[in-house]
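A.B. asks: Structure supplied as protein18.txt; contents: compact mmCIF, C-alpha atoms and all ligand atoms.
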```
# COMPACT_ATOMS: atom_id res chain seq x y z
CA MET A 19 12.80 14.98 16.38
CA SER A 20 15.36 14.79 19.13
CA ASP A 21 13.30 15.88 22.12
CA TYR A 22 11.76 12.50 22.84
CA LYS A 23 11.89 11.42 26.47
CA LEU A 24 11.88 8.15 28.34
CA GLY A 25 9.14 7.06 30.73
CA LEU A 26 5.42 6.34 30.69
CA GLU A 27 4.49 9.87 31.72
CA TYR A 28 6.00 11.25 28.53
CA ALA A 29 4.04 8.76 26.39
CA LYS A 30 0.78 9.65 28.16
CA HIS A 31 1.50 13.33 27.75
CA GLN A 32 2.07 12.88 24.01
CA ASP A 33 -1.27 11.09 23.69
CA GLN A 34 -3.03 13.84 25.61
CA ASN A 35 -1.61 16.47 23.29
CA ASP A 36 -2.20 14.49 20.12
CA LYS A 37 -4.96 16.09 18.04
CA LEU A 38 -5.58 12.78 16.25
CA ALA A 39 -5.75 10.69 19.44
CA SER A 40 -9.55 10.48 19.36
CA TYR A 41 -9.51 8.58 16.05
CA ARG A 42 -8.47 5.48 17.97
CA ASN A 43 -12.01 5.37 19.39
CA GLN A 44 -13.36 5.14 15.87
CA PHE A 45 -11.78 1.68 15.47
CA HIS A 46 -12.38 -1.74 16.95
CA ILE A 47 -9.16 -2.60 18.79
CA PRO A 48 -8.64 -6.39 19.13
CA LYS A 49 -8.54 -7.56 22.76
CA ASP A 50 -6.94 -10.36 24.76
CA LYS A 51 -8.97 -12.92 26.74
CA GLN A 52 -9.10 -10.61 29.75
CA GLY A 53 -10.55 -7.85 27.59
CA ASN A 54 -7.41 -5.68 27.45
CA ASP A 55 -6.48 -3.96 24.21
CA LEU A 56 -3.81 -5.83 22.31
CA ILE A 57 -0.90 -3.80 20.99
CA TYR A 58 -1.71 -4.08 17.32
CA MET A 59 1.33 -3.51 15.12
CA THR A 60 0.14 -5.22 11.94
CA GLY A 61 -1.90 -2.52 10.25
CA ASN A 62 0.57 -3.04 7.38
CA SER A 63 -0.92 -6.50 6.93
CA LEU A 64 -4.59 -6.09 7.84
CA GLY A 65 -5.84 -2.70 8.98
CA LEU A 66 -8.36 -2.54 11.82
CA GLN A 67 -12.09 -2.17 11.33
CA PRO A 68 -13.60 1.31 11.63
CA LYS A 69 -16.74 1.24 13.76
CA ILE A 70 -18.71 2.99 11.00
CA THR A 71 -17.99 0.22 8.50
CA LYS A 72 -20.86 -1.90 9.73
CA THR A 73 -23.33 0.96 9.15
CA TYR A 74 -22.08 1.53 5.61
CA VAL A 75 -22.25 -2.18 4.74
CA ASN A 76 -25.63 -2.61 6.43
CA GLN A 77 -27.07 0.22 4.35
CA GLU A 78 -26.33 -1.75 1.18
CA LEU A 79 -27.59 -5.02 2.67
CA GLU A 80 -30.84 -3.30 3.58
CA ASP A 81 -31.27 -1.66 0.21
CA TRP A 82 -30.65 -5.01 -1.45
CA ALA A 83 -33.23 -6.66 0.85
CA ILE A 84 -35.86 -4.02 0.17
CA LEU A 85 -35.17 -3.12 -3.43
CA GLY A 86 -33.61 -6.12 -5.14
CA VAL A 87 -32.39 -5.20 -8.61
CA GLU A 88 -33.96 -1.75 -8.32
CA GLY A 89 -31.13 -0.90 -5.92
CA HIS A 90 -28.91 -0.28 -8.94
CA THR A 91 -30.71 3.00 -9.40
CA GLU A 92 -32.97 3.40 -6.33
CA ALA A 93 -30.66 2.56 -3.40
CA LYS A 94 -29.74 5.43 -1.09
CA ASN A 95 -26.35 5.26 -2.79
CA PRO A 96 -27.27 3.82 -6.20
CA TRP A 97 -25.06 0.89 -7.09
CA LEU A 98 -24.48 1.64 -10.75
CA PRO A 99 -22.34 4.69 -10.10
CA TYR A 100 -21.27 3.52 -6.59
CA HIS A 101 -17.56 3.38 -7.44
CA GLU A 102 -17.69 7.06 -8.27
CA LEU A 103 -18.30 7.76 -4.57
CA LEU A 104 -14.81 6.44 -3.87
CA THR A 105 -12.85 8.07 -6.65
CA GLU A 106 -12.28 11.55 -5.29
CA SER A 107 -11.30 10.47 -1.77
CA MET A 108 -9.06 7.71 -3.06
CA ALA A 109 -7.40 10.16 -5.45
CA LYS A 110 -6.65 12.45 -2.50
CA VAL A 111 -5.14 9.63 -0.47
CA VAL A 112 -2.67 8.72 -3.22
CA GLY A 113 -2.11 12.24 -4.59
CA ALA A 114 -3.74 11.77 -7.97
CA LYS A 115 -6.42 13.37 -10.13
CA PRO A 116 -9.83 11.68 -10.05
CA ILE A 117 -9.55 10.67 -13.71
CA GLU A 118 -6.38 8.75 -12.83
CA VAL A 119 -7.89 6.54 -10.13
CA ILE A 120 -10.24 3.57 -10.02
CA VAL A 121 -11.14 1.05 -7.32
CA MET A 122 -11.52 -2.38 -8.90
CA ASN A 123 -10.47 -6.05 -8.73
CA THR A 124 -7.70 -7.10 -6.37
CA LEU A 125 -4.10 -5.99 -6.27
CA THR A 126 -2.28 -8.71 -8.17
CA ALA A 127 -5.09 -8.80 -10.73
CA ASN A 128 -4.67 -5.07 -11.29
CA LEU A 129 -0.94 -5.50 -11.66
CA HIS A 130 -1.58 -8.00 -14.45
CA PHE A 131 -4.13 -5.76 -16.16
CA MET A 132 -1.68 -2.87 -16.05
CA MET A 133 1.02 -5.06 -17.57
CA VAL A 134 -1.37 -6.12 -20.33
CA SER A 135 -1.47 -2.45 -21.32
CA PHE A 136 1.97 -1.19 -20.38
CA TYR A 137 4.32 -4.13 -20.80
CA LYS A 138 4.80 -4.30 -24.55
CA PRO A 139 8.04 -6.20 -25.04
CA THR A 140 9.97 -6.31 -28.28
CA LYS A 141 12.84 -8.64 -29.19
CA LYS A 142 15.34 -6.00 -28.07
CA ARG A 143 13.49 -4.40 -25.18
CA TYR A 144 11.68 -7.01 -23.13
CA LYS A 145 13.16 -7.13 -19.61
CA ILE A 146 11.34 -6.23 -16.39
CA LEU A 147 13.20 -4.66 -13.48
CA ILE A 148 12.04 -5.22 -9.90
CA GLU A 149 13.57 -4.98 -6.41
CA SER A 150 15.41 -8.16 -5.44
CA ASP A 151 13.27 -8.41 -2.33
CA ALA A 152 9.97 -7.66 -4.04
CA PHE A 153 6.79 -9.03 -2.50
CA PRO A 154 6.43 -12.63 -3.77
CA SER A 155 3.12 -12.02 -5.55
CA ASP A 156 4.68 -9.18 -7.57
CA LYS A 157 7.63 -11.34 -8.53
CA TYR A 158 5.41 -14.23 -9.59
CA ALA A 159 3.22 -11.84 -11.56
CA VAL A 160 6.06 -10.30 -13.57
CA GLU A 161 7.70 -13.68 -14.17
CA SER A 162 4.45 -15.02 -15.56
CA GLN A 163 4.11 -11.99 -17.83
CA LEU A 164 7.59 -12.67 -19.21
CA ARG A 165 6.63 -16.30 -19.90
CA HIS A 166 3.29 -15.22 -21.34
CA HIS A 167 5.16 -13.19 -23.95
CA GLY A 168 7.49 -16.10 -24.72
CA PHE A 169 10.55 -14.94 -22.78
CA ASP A 170 12.67 -16.83 -20.30
CA ASP A 171 11.77 -15.57 -16.84
CA LYS A 172 15.35 -15.84 -15.55
CA ASP A 173 16.87 -13.99 -18.48
CA GLY A 174 14.08 -11.43 -18.54
CA LEU A 175 14.05 -10.47 -14.87
CA VAL A 176 16.49 -7.76 -13.77
CA LEU A 177 16.96 -7.38 -10.01
CA TRP A 178 17.82 -4.17 -8.19
CA LYS A 179 19.79 -5.55 -5.26
CA PRO A 180 21.21 -4.14 -2.06
CA ARG A 181 25.02 -4.11 -1.81
CA LYS A 182 26.75 -6.85 0.09
CA GLY A 183 26.18 -6.46 3.83
CA GLU A 184 23.38 -3.91 3.24
CA GLU A 185 19.60 -4.18 3.29
CA LEU A 186 18.48 -0.95 1.63
CA LEU A 187 18.56 -0.14 -2.06
CA ARG A 188 20.64 2.70 -3.46
CA HIS A 189 19.41 4.91 -6.25
CA GLU A 190 22.88 5.05 -7.81
CA ASP A 191 22.80 1.28 -8.25
CA LEU A 192 19.55 1.61 -10.17
CA GLU A 193 21.25 4.23 -12.34
CA SER A 194 24.09 1.81 -13.06
CA ILE A 195 21.71 -0.98 -14.06
CA LEU A 196 19.91 1.35 -16.43
CA LYS A 197 23.14 2.65 -17.89
CA GLU A 198 24.17 -0.94 -18.68
CA GLN A 199 20.86 -2.55 -19.61
CA GLY A 200 18.46 0.36 -20.07
CA GLU A 201 17.85 -0.42 -23.74
CA GLU A 202 16.71 -3.93 -22.90
CA ILE A 203 14.37 -2.96 -20.06
CA ALA A 204 10.74 -2.48 -21.07
CA LEU A 205 9.25 -2.05 -17.61
CA ILE A 206 10.40 -0.94 -14.16
CA MET A 207 8.00 -2.20 -11.49
CA ILE A 208 8.97 -1.30 -7.92
CA GLY A 209 7.18 -1.59 -4.60
CA GLY A 210 6.74 2.10 -3.66
CA VAL A 211 7.39 1.22 -0.03
CA ASN A 212 9.24 -2.08 0.29
CA TYR A 213 7.20 -4.50 2.36
CA TYR A 214 10.22 -5.99 4.12
CA THR A 215 12.53 -3.07 4.89
CA GLY A 216 9.92 -0.31 4.91
CA GLN A 217 12.10 1.73 2.54
CA PHE A 218 10.04 4.41 0.78
CA PHE A 219 11.53 5.12 -2.62
CA ASP A 220 11.63 8.44 -4.40
CA LEU A 221 8.93 7.63 -6.94
CA LYS A 222 9.49 10.76 -8.99
CA ARG A 223 13.24 10.26 -9.22
CA ILE A 224 12.84 6.61 -10.25
CA THR A 225 10.20 7.56 -12.82
CA GLU A 226 12.36 10.30 -14.34
CA LEU A 227 15.30 7.95 -14.54
CA GLY A 228 13.19 5.20 -16.10
CA HIS A 229 11.61 7.54 -18.63
CA LYS A 230 15.02 8.90 -19.59
CA HIS A 231 15.84 5.35 -20.65
CA GLU A 232 12.43 5.01 -22.35
CA CYS A 233 11.16 2.41 -19.88
CA ILE A 234 7.59 2.27 -18.61
CA VAL A 235 7.50 2.85 -14.85
CA GLY A 236 4.88 1.38 -12.52
CA PHE A 237 4.67 1.05 -8.74
CA ASP A 238 3.04 -1.36 -6.35
CA CYS A 239 1.94 0.91 -3.52
CA ALA A 240 0.38 -1.72 -1.26
CA HIS A 241 2.58 -0.53 1.62
CA GLY A 242 2.34 3.11 0.64
CA ALA A 243 -1.37 3.88 0.25
CA GLY A 244 -2.69 5.43 3.46
CA ASN A 245 0.82 5.34 4.95
CA VAL A 246 2.91 7.93 3.08
CA GLN A 247 2.44 10.85 0.68
CA LEU A 248 2.62 9.07 -2.66
CA ASN A 249 1.93 12.06 -4.93
CA LEU A 250 1.31 9.66 -7.78
CA HIS A 251 0.34 12.31 -10.32
CA ASP A 252 3.45 14.40 -9.73
CA SER A 253 5.66 11.34 -9.73
CA GLY A 254 4.79 10.96 -13.40
CA ALA A 255 4.55 7.17 -13.04
CA ASP A 256 2.71 5.42 -15.85
CA PHE A 257 0.66 3.26 -13.51
CA ALA A 258 0.35 2.17 -9.89
CA VAL A 259 -1.63 -0.44 -7.99
CA TRP A 260 -2.39 -0.95 -4.30
CA CYS A 261 -4.70 -2.87 -2.01
CA THR A 262 -7.13 -1.40 0.52
CA TYR A 263 -6.94 -3.96 3.32
CA LYS A 264 -3.59 -2.83 4.77
CA TYR A 265 -3.29 0.83 5.79
CA LEU A 266 -6.64 1.61 4.14
CA ASN A 267 -8.60 -0.48 6.67
CA SER A 268 -11.21 -1.78 4.25
CA GLY A 269 -11.40 -5.42 5.31
CA PRO A 270 -9.75 -8.72 4.36
CA GLY A 271 -9.43 -9.20 0.61
CA SER A 272 -11.23 -5.95 -0.13
CA LEU A 273 -11.03 -4.36 -3.58
CA ALA A 274 -7.84 -2.71 -4.78
CA GLY A 275 -6.88 0.63 -6.27
CA CYS A 276 -5.35 1.42 -9.61
CA PHE A 277 -3.74 4.57 -11.02
CA VAL A 278 -3.17 5.33 -14.67
CA HIS A 279 -1.47 8.64 -15.38
CA GLU A 280 -3.63 11.28 -17.03
CA ARG A 281 -1.46 11.32 -20.16
CA HIS A 282 -2.74 7.81 -20.96
CA ALA A 283 -6.39 8.69 -20.23
CA ASN A 284 -7.59 8.78 -23.82
CA ARG A 285 -5.14 6.46 -25.52
CA LYS A 286 -6.88 4.05 -27.83
CA ASP A 287 -3.66 2.41 -28.98
CA LEU A 288 -2.98 0.70 -25.65
CA ASN A 289 -3.76 -2.96 -25.61
CA ARG A 290 -6.14 -3.85 -22.81
CA PHE A 291 -8.50 -6.47 -21.58
CA THR A 292 -11.97 -5.02 -21.48
CA GLY A 293 -15.44 -5.79 -20.20
CA TRP A 294 -18.81 -4.08 -20.11
CA TRP A 295 -17.66 -1.82 -17.28
CA SER A 296 -14.90 -0.38 -19.53
CA HIS A 297 -17.64 0.77 -21.88
CA ASN A 298 -19.33 4.18 -22.06
CA LYS A 299 -21.78 4.48 -19.14
CA GLN A 300 -24.48 6.14 -21.25
CA THR A 301 -24.83 3.20 -23.62
CA ARG A 302 -23.59 0.33 -21.42
CA PHE A 303 -27.04 -1.16 -21.00
CA ASN A 304 -28.04 -0.94 -24.63
CA MET A 305 -26.08 -4.17 -24.72
CA ARG A 306 -25.62 -4.28 -28.47
CA ASP A 307 -23.50 -1.22 -29.13
CA GLU A 308 -19.97 -1.40 -30.46
CA PHE A 309 -17.35 -1.09 -27.77
CA ASP A 310 -16.89 2.53 -26.71
CA GLN A 311 -13.98 3.03 -24.33
CA LEU A 312 -14.44 5.08 -21.15
CA PRO A 313 -11.66 7.64 -20.71
CA GLY A 314 -9.26 7.52 -17.76
CA ALA A 315 -8.62 4.78 -15.22
CA GLU A 316 -12.33 3.88 -15.25
CA GLY A 317 -11.79 2.53 -18.74
CA TRP A 318 -9.79 -0.36 -17.27
CA GLN A 319 -12.74 -1.73 -15.28
CA LEU A 320 -14.14 -5.05 -16.37
CA SER A 321 -17.04 -6.01 -14.16
CA ASN A 322 -19.99 -4.86 -12.23
CA PRO A 323 -18.19 -4.41 -8.89
CA PRO A 324 -18.92 -5.82 -5.39
CA ILE A 325 -20.88 -3.13 -3.54
CA LEU A 326 -20.39 -4.59 -0.04
CA SER A 327 -16.62 -4.32 -0.38
CA MET A 328 -16.93 -0.82 -1.78
CA ALA A 329 -19.13 0.19 1.14
CA ALA A 330 -16.32 -0.78 3.52
CA ILE A 331 -13.84 1.22 1.45
CA ARG A 332 -16.15 4.23 1.52
CA ALA A 333 -16.35 4.07 5.31
CA SER A 334 -12.58 3.99 5.58
CA LEU A 335 -11.99 6.75 3.05
CA ASP A 336 -14.43 9.01 4.89
CA ILE A 337 -12.13 8.77 7.91
CA PHE A 338 -9.05 9.49 5.79
CA ASN A 339 -10.80 12.47 4.24
CA ASP A 340 -11.72 13.74 7.66
CA VAL A 341 -8.15 13.57 8.99
CA GLY A 342 -6.27 14.44 5.81
CA ILE A 343 -3.18 12.55 4.73
CA ASP A 344 -0.86 15.48 5.61
CA LYS A 345 -1.84 15.46 9.27
CA LEU A 346 -1.68 11.70 9.34
CA VAL A 347 1.85 11.62 7.98
CA GLU A 348 2.87 14.32 10.46
CA LYS A 349 1.70 12.21 13.40
CA SER A 350 3.14 9.08 11.84
CA LYS A 351 6.61 10.61 11.77
CA LYS A 352 6.37 11.54 15.44
CA LEU A 353 5.05 8.15 16.50
CA THR A 354 7.58 6.12 14.53
CA GLY A 355 10.38 8.49 15.55
CA TYR A 356 9.46 7.87 19.18
CA PHE A 357 9.46 4.12 18.57
CA GLU A 358 12.92 4.36 17.01
CA PHE A 359 14.15 6.47 19.93
CA LEU A 360 13.05 3.86 22.49
CA LEU A 361 14.37 0.92 20.47
CA LYS A 362 17.79 2.53 20.13
CA LYS A 363 18.04 2.70 23.90
CA LEU A 364 18.06 -1.11 23.91
CA GLY A 365 21.51 -0.97 22.37
CA GLU A 366 22.98 -1.80 18.97
CA ASP A 367 24.25 -5.13 20.28
CA VAL A 368 20.63 -6.14 20.92
CA ILE A 369 18.66 -4.75 17.99
CA ARG A 370 19.32 -3.16 14.63
CA ILE A 371 16.74 -1.23 12.65
CA ILE A 372 16.83 -2.06 8.94
CA THR A 373 14.35 0.65 7.90
CA PRO A 374 15.87 3.97 6.71
CA LYS A 375 16.67 6.51 9.46
CA ASN A 376 15.51 9.44 7.35
CA ASP A 377 11.78 9.78 7.95
CA ASP A 378 11.18 10.95 4.38
CA GLU A 379 12.40 7.54 3.24
CA ARG A 380 10.00 5.46 5.28
CA GLY A 381 6.39 5.23 6.40
CA CYS A 382 5.31 4.11 9.84
CA GLN A 383 6.82 0.62 9.72
CA LEU A 384 10.10 -0.28 11.41
CA SER A 385 11.76 -3.58 10.53
CA ILE A 386 13.72 -4.61 13.57
CA GLN A 387 16.48 -7.15 13.43
CA VAL A 388 17.03 -8.77 16.79
CA ILE A 389 20.56 -10.10 17.33
CA ASN A 390 20.93 -13.75 18.40
CA THR A 391 17.29 -14.66 18.40
CA ASP A 392 14.77 -16.95 16.76
CA LYS A 393 11.03 -17.27 16.34
CA ALA A 394 10.61 -18.07 20.05
CA LEU A 395 10.96 -14.33 20.63
CA HIS A 396 8.01 -13.61 18.39
CA ASP A 397 5.92 -16.22 20.22
CA LYS A 398 6.74 -14.54 23.53
CA LEU A 399 5.81 -11.13 22.13
CA THR A 400 2.48 -12.54 20.98
CA LYS A 401 1.87 -14.07 24.41
CA SER A 402 2.56 -10.70 25.98
CA GLY A 403 -0.20 -9.10 23.89
CA ILE A 404 1.81 -7.68 21.01
CA ILE A 405 0.62 -8.50 17.51
CA SER A 406 3.60 -8.12 15.21
CA ASP A 407 4.96 -9.81 12.13
CA TRP A 408 7.93 -12.18 12.04
CA ARG A 409 10.17 -12.66 9.00
CA GLU A 410 12.78 -15.40 9.07
CA PRO A 411 15.49 -15.46 10.17
CA ASP A 412 15.39 -12.61 12.71
CA VAL A 413 13.25 -9.65 11.70
CA ILE A 414 10.16 -8.28 13.45
CA ARG A 415 8.07 -5.83 11.47
CA CYS A 416 6.03 -3.37 13.51
CA ALA A 417 3.80 -0.71 12.00
CA PRO A 418 2.47 1.87 14.47
CA VAL A 419 -0.52 3.23 12.57
CA PRO A 420 -1.17 6.91 13.32
CA LEU A 421 -4.95 6.51 13.04
CA TYR A 422 -5.24 4.06 15.92
CA ASN A 423 -1.91 3.39 17.62
CA SER A 424 -0.87 5.52 20.58
CA PHE A 425 2.39 6.64 22.14
CA GLU A 426 1.44 4.50 25.12
CA ASP A 427 1.20 1.47 22.79
CA ILE A 428 4.78 2.11 21.74
CA TYR A 429 5.97 2.59 25.31
CA ASN A 430 4.36 -0.67 26.44
CA LEU A 431 5.64 -2.55 23.42
CA VAL A 432 9.25 -1.62 24.06
CA GLU A 433 8.94 -2.30 27.80
CA ARG A 434 7.60 -5.81 27.10
CA LEU A 435 10.26 -6.45 24.47
CA LYS A 436 12.92 -5.36 26.94
CA ALA A 437 11.53 -7.67 29.65
CA ILE A 438 11.50 -10.63 27.23
CA LEU A 439 15.04 -9.94 26.01
CA ASN A 440 16.28 -9.70 29.60
CA GLY A 441 14.65 -13.11 30.09
C1 LIG B 1 0.01 -7.20 0.25
C2 LIG B 1 0.74 -7.18 -1.04
C3 LIG B 1 0.31 -7.98 -2.12
C4 LIG B 1 -0.88 -8.90 -2.01
O1 LIG B 1 -1.55 -9.01 -3.24
P1 LIG B 1 -3.09 -9.42 -3.30
O2 LIG B 1 -3.33 -9.52 -4.76
O3 LIG B 1 -3.89 -8.35 -2.63
O4 LIG B 1 -3.25 -10.72 -2.59
C5 LIG B 1 1.02 -7.90 -3.32
N1 LIG B 1 2.10 -7.09 -3.42
C6 LIG B 1 2.55 -6.32 -2.40
C7 LIG B 1 3.74 -5.43 -2.58
C8 LIG B 1 1.89 -6.36 -1.18
O5 LIG B 1 2.34 -5.61 -0.16
```
Can you turn what I pasted into structure tokens?
C.D. replies:
Amino acid sequence: MSDYKLGLEYAKHQDQNDKLASYRNQFHIPKDKQGNDLIYMTGNSLGLQPKITKTYVNQELEDWAILGVEGHTEAKNPWLPYHELLTESMAKVVGAKPIEVIVMNTLTANLHFMMVSFYKPTKKRYKILIESDAFPSDKYAVESQLRHHGFDDKDGLVLWKPRKGEELLRHEDLESILKEQGEEIALIMIGGVNYYTGQFFDLKRITELGHKHECIVGFDCAHGAGNVQLNLHDSGADFAVWCTYKYLNSGPGSLAGCFVHERHANRKDLNRFTGWWSHNKQTRFNMRDEFDQLPGAEGWQLSNPPILSMAAIRASLDIFNDVGIDKLVEKSKKLTGYFEFLLKKLGEDVIRIITPKNDDERGCQLSIQVINTDKALHDKLTKSGIISDWREPDVIRCAPVPLYNSFEDIYNLVERLKAILNG
């Protein structure tokens, strides 16, 4: 997109012509003390609340009040199969088949459960490869898995690093690592969209490379789900995990998603931790039957799940289903492209964008490095009504979310940033 224009009129015009603009009204937009909408740029951290969420959650509270335990079968949306109401829409959002997707647990917990099944180290092949700037929880999780299996977590961890003076990762460097150490690497576990740089990796290409070297390949898609086209099935990845409280707007600490590729759906040889919810639904409540594994991702469930959290996820997924991820990504590219256009006008001596320029290699987030600044800048931005995220020493992460952020948001953000920088 090169036909972006400066000025408020242009931003307003874009909003008027935006077919998805009305979705903003379906969300609660946080406000300042005077009652003005804040410019909310942290949907990559905690997505905003859809107005319908309350209705969906209240339905379950009411059924619980009226029905008690009978709600498991008699609620308007019976609780026993409640998770099944989420499967198809969630599968669409991440580009998977329904049998490959389950909503359960929380993100880091799912990552561990996936590693229980898919990280099967041997004396020769035991290492785990991650990005050098992986999200801390992911790094801690894989390190603890290495220790759990009796390996040294320094020796066992292989880092895919950016080159000196660079921020982004290069696929050819991953190829080199695998050429050198491929036979020792059991698992490749990459953040599908890096939380810090916003770099969206080619999941299929990484998976093919990993599989060529006989490694298991899994992705943490916390920053990808609801943000980019993940096409998990086609990527061929063995597993993926993500949370629902970022771009999927399902509330703080809400349940997470998990993908297990169809080719593993009926494998009985995989080690796994199980519970009564991994067991055949028809005989689950007989209570005394021998364990009978459910096929597909459902077979990784452990527990009777929290319905109130699932109700919030259902509300959110209904909005995603209504828009469609294709249209969402289309708007996202325009909105973030416009943001990039305005930021560039500030000059390369003032700001530098770390996130890839190619819009197929990023989602909506831009990670903006501000030259010669410190956290005082972030405090001023916050005071001016912009909710953004600060990463030491000098990076602001902003995620214009196509469901509820507007072109006018972006215009105002850059104007306020400019005013602050000009002091
Ligand atoms: C947000 C995020 C997490 C957080 O994990 P929780 O288990 O939900 O607390 C982990 N990894 C990545 C890559 C994230 O973006």
A.B. asks: Within 6 Å of ligand LIG 1 (chain B), counting all atoms listed in the file, which protein or nucleic acid residues do you find, written as a list in words?
C.D. replies: Thr124, Leu125, Thr126, Phe153, Ser155, Asp156, Gly209, Tyr213, Asp238, Ala240, His241 and Cys261 of chain A
A.B. asks: Suppose we keep C-alpha atoms; can you now write the selection as a PDB file, in the coordinates of the input?
C.D. replies:
```
ATOM      1  CA  THR A 124      -7.700  -7.100  -6.370  1.00  0.00           C
ATOM      2  CA  LEU A 125      -4.100  -5.990  -6.270  1.00  0.00           C
ATOM      3  CA  THR A 126      -2.280  -8.710  -8.170  1.00  0.00           C
ATOM      4  CA  PHE A 153       6.790  -9.030  -2.500  1.00  0.00           C
ATOM      5  CA  SER A 155       3.120 -12.020  -5.550  1.00  0.00           C
ATOM      6  CA  ASP A 156       4.680  -9.180  -7.570  1.00  0.00           C
ATOM      7  CA  GLY A 209       7.180  -1.590  -4.600  1.00  0.00           C
ATOM      8  CA  TYR A 213       7.200  -4.500   2.360  1.00  0.00           C
ATOM      9  CA  ASP A 238       3.040  -1.360  -6.350  1.00  0.00           C
ATOM     10  CA  ALA A 240       0.380  -1.720  -1.260  1.00  0.00           C
ATOM     11  CA  HIS A 241       2.580  -0.530   1.620  1.00  0.00           C
ATOM     12  CA  CYS A 261      -4.700  -2.870  -2.010  1.00  0.00           C
TER      13      CYS A 261
END
```
A.B. asks: Quick one: everything within 12 Å of region 392-402 of chain A, counting all atoms listed in the file, minus sequence neighbours fewer than 3 positions away in the same chain. Send it as an MDAnalysis selection string.
C.D. replies: chainID A and resid 49:51 54:60 386:389 405:416 430:441
A.B. asks: Since we have the selection now, will you write its residues out, keeping C-alpha atoms, as a PDB file, keeping the file's coordinate frame?
C.D. replies:
```pdb
ATOM      1  CA  LYS A  49      -8.540  -7.560  22.760  1.00  0.00           C
ATOM      2  CA  ASP A  50      -6.940 -10.360  24.760  1.00  0.00           C
ATOM      3  CA  LYS A  51      -8.970 -12.920  26.740  1.00  0.00           C
ATOM      4  CA  ASN A  54      -7.410  -5.680  27.450  1.00  0.00           C
ATOM      5  CA  ASP A  55      -6.480  -3.960  24.210  1.00  0.00           C
ATOM      6  CA  LEU A  56      -3.810  -5.830  22.310  1.00  0.00           C
ATOM      7  CA  ILE A  57      -0.900  -3.800  20.990  1.00  0.00           C
ATOM      8  CA  TYR A  58      -1.710  -4.080  17.320  1.00  0.00           C
ATOM      9  CA  MET A  59       1.330  -3.510  15.120  1.00  0.00           C
ATOM     10  CA  THR A  60       0.140  -5.220  11.940  1.00  0.00           C
ATOM     11  CA  ILE A 386      13.720  -4.610  13.570  1.00  0.00           C
ATOM     12  CA  GLN A 387      16.480  -7.150  13.430  1.00  0.00           C
ATOM     13  CA  VAL A 388      17.030  -8.770  16.790  1.00  0.00           C
ATOM     14  CA  ILE A 389      20.560 -10.100  17.330  1.00  0.00           C
ATOM     15  CA  ILE A 405       0.620  -8.500  17.510  1.00  0.00           C
ATOM     16  CA  SER A 406       3.600  -8.120  15.210  1.00  0.00           C
ATOM     17  CA  ASP A 407       4.960  -9.810  12.130  1.00  0.00           C
ATOM     18  CA  TRP A 408       7.930 -12.180  12.040  1.00  0.00           C
ATOM     19  CA  ARG A 409      10.170 -12.660   9.000  1.00  0.00           C
ATOM     20  CA  GLU A 410      12.780 -15.400   9.070  1.00  0.00           C
ATOM     21  CA  PRO A 411      15.490 -15.460  10.170  1.00  0.00           C
ATOM     22  CA  ASP A 412      15.390 -12.610  12.710  1.00  0.00           C
ATOM     23  CA  VAL A 413      13.250  -9.650  11.700  1.00  0.00           C
ATOM     24  CA  ILE A 414      10.160  -8.280  13.450  1.00  0.00           C
ATOM     25  CA  ARG A 415       8.070  -5.830  11.470  1.00  0.00           C
ATOM     26  CA  CYS A 416       6.030  -3.370  13.510  1.00  0.00           C
ATOM     27  CA  ASN A 430       4.360  -0.670  26.440  1.00  0.00           C
ATOM     28  CA  LEU A 431       5.640  -2.550  23.420  1.00  0.00           C
ATOM     29  CA  VAL A 432       9.250  -1.620  24.060  1.00  0.00           C
ATOM     30  CA  GLU A 433       8.940  -2.300  27.800  1.00  0.00           C
ATOM     31  CA  ARG A 434       7.600  -5.810  27.100  1.00  0.00           C
ATOM     32  CA  LEU A 435      10.260  -6.450  24.470  1.00  0.00           C
ATOM     33  CA  LYS A 436      12.920  -5.360  26.940  1.00  0.00           C
ATOM     34  CA  ALA A 437      11.530  -7.670  29.650  1.00  0.00           C
ATOM     35  CA  ILE A 438      11.500 -10.630  27.230  1.00  0.00           C
ATOM     36  CA  LEU A 439      15.040  -9.940  26.010  1.00  0.00           C
ATOM     37  CA  ASN A 440      16.280  -9.700  29.600  1.00  0.00           C
ATOM     38  CA  GLY A 441      14.650 -13.110  30.090  1.00  0.00           C
TER      39      GLY A 441
END
```
A.B. asks: Please tell me which residues are no farther than 12 Å from (-8.4, -8.2, -23.8) in the file, counting all atoms listed in the file, and write them as an mmCIF file with C-alpha atoms, in the frame of the given file.
C.D. replies:
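Output (out.cif):
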```
data_model
loop_
_atom_site.group_PDB
_atom_site.id
_atom_site.type_symbol
_atom_site.label_atom_id
_atom_site.label_comp_id
_atom_site.auth_asym_id
_atom_site.auth_seq_id
_atom_site.Cartn_x
_atom_site.Cartn_y
_atom_site.Cartn_z
ATOM 1 C CA HIS A 130 -1.580 -8.000 -14.450
ATOM 2 C CA PHE A 131 -4.130 -5.760 -16.160
ATOM 3 C CA MET A 132 -1.680 -2.870 -16.050
ATOM 4 C CA MET A 133 1.020 -5.060 -17.570
ATOM 5 C CA VAL A 134 -1.370 -6.120 -20.330
ATOM 6 C CA SER A 135 -1.470 -2.450 -21.320
ATOM 7 C CA LEU A 288 -2.980 0.700 -25.650
ATOM 8 C CA ASN A 289 -3.760 -2.960 -25.610
ATOM 9 C CA ARG A 290 -6.140 -3.850 -22.810
ATOM 10 C CA PHE A 291 -8.500 -6.470 -21.580
ATOM 11 C CA THR A 292 -11.970 -5.020 -21.480
ATOM 12 C CA GLY A 293 -15.440 -5.790 -20.200
ATOM 13 C CA TRP A 294 -18.810 -4.080 -20.110
ATOM 14 C CA SER A 296 -14.900 -0.380 -19.530
ATOM 15 C CA TRP A 318 -9.790 -0.360 -17.270
ATOM 16 C CA GLN A 319 -12.740 -1.730 -15.280
ATOM 17 C CA LEU A 320 -14.140 -5.050 -16.370
#
```
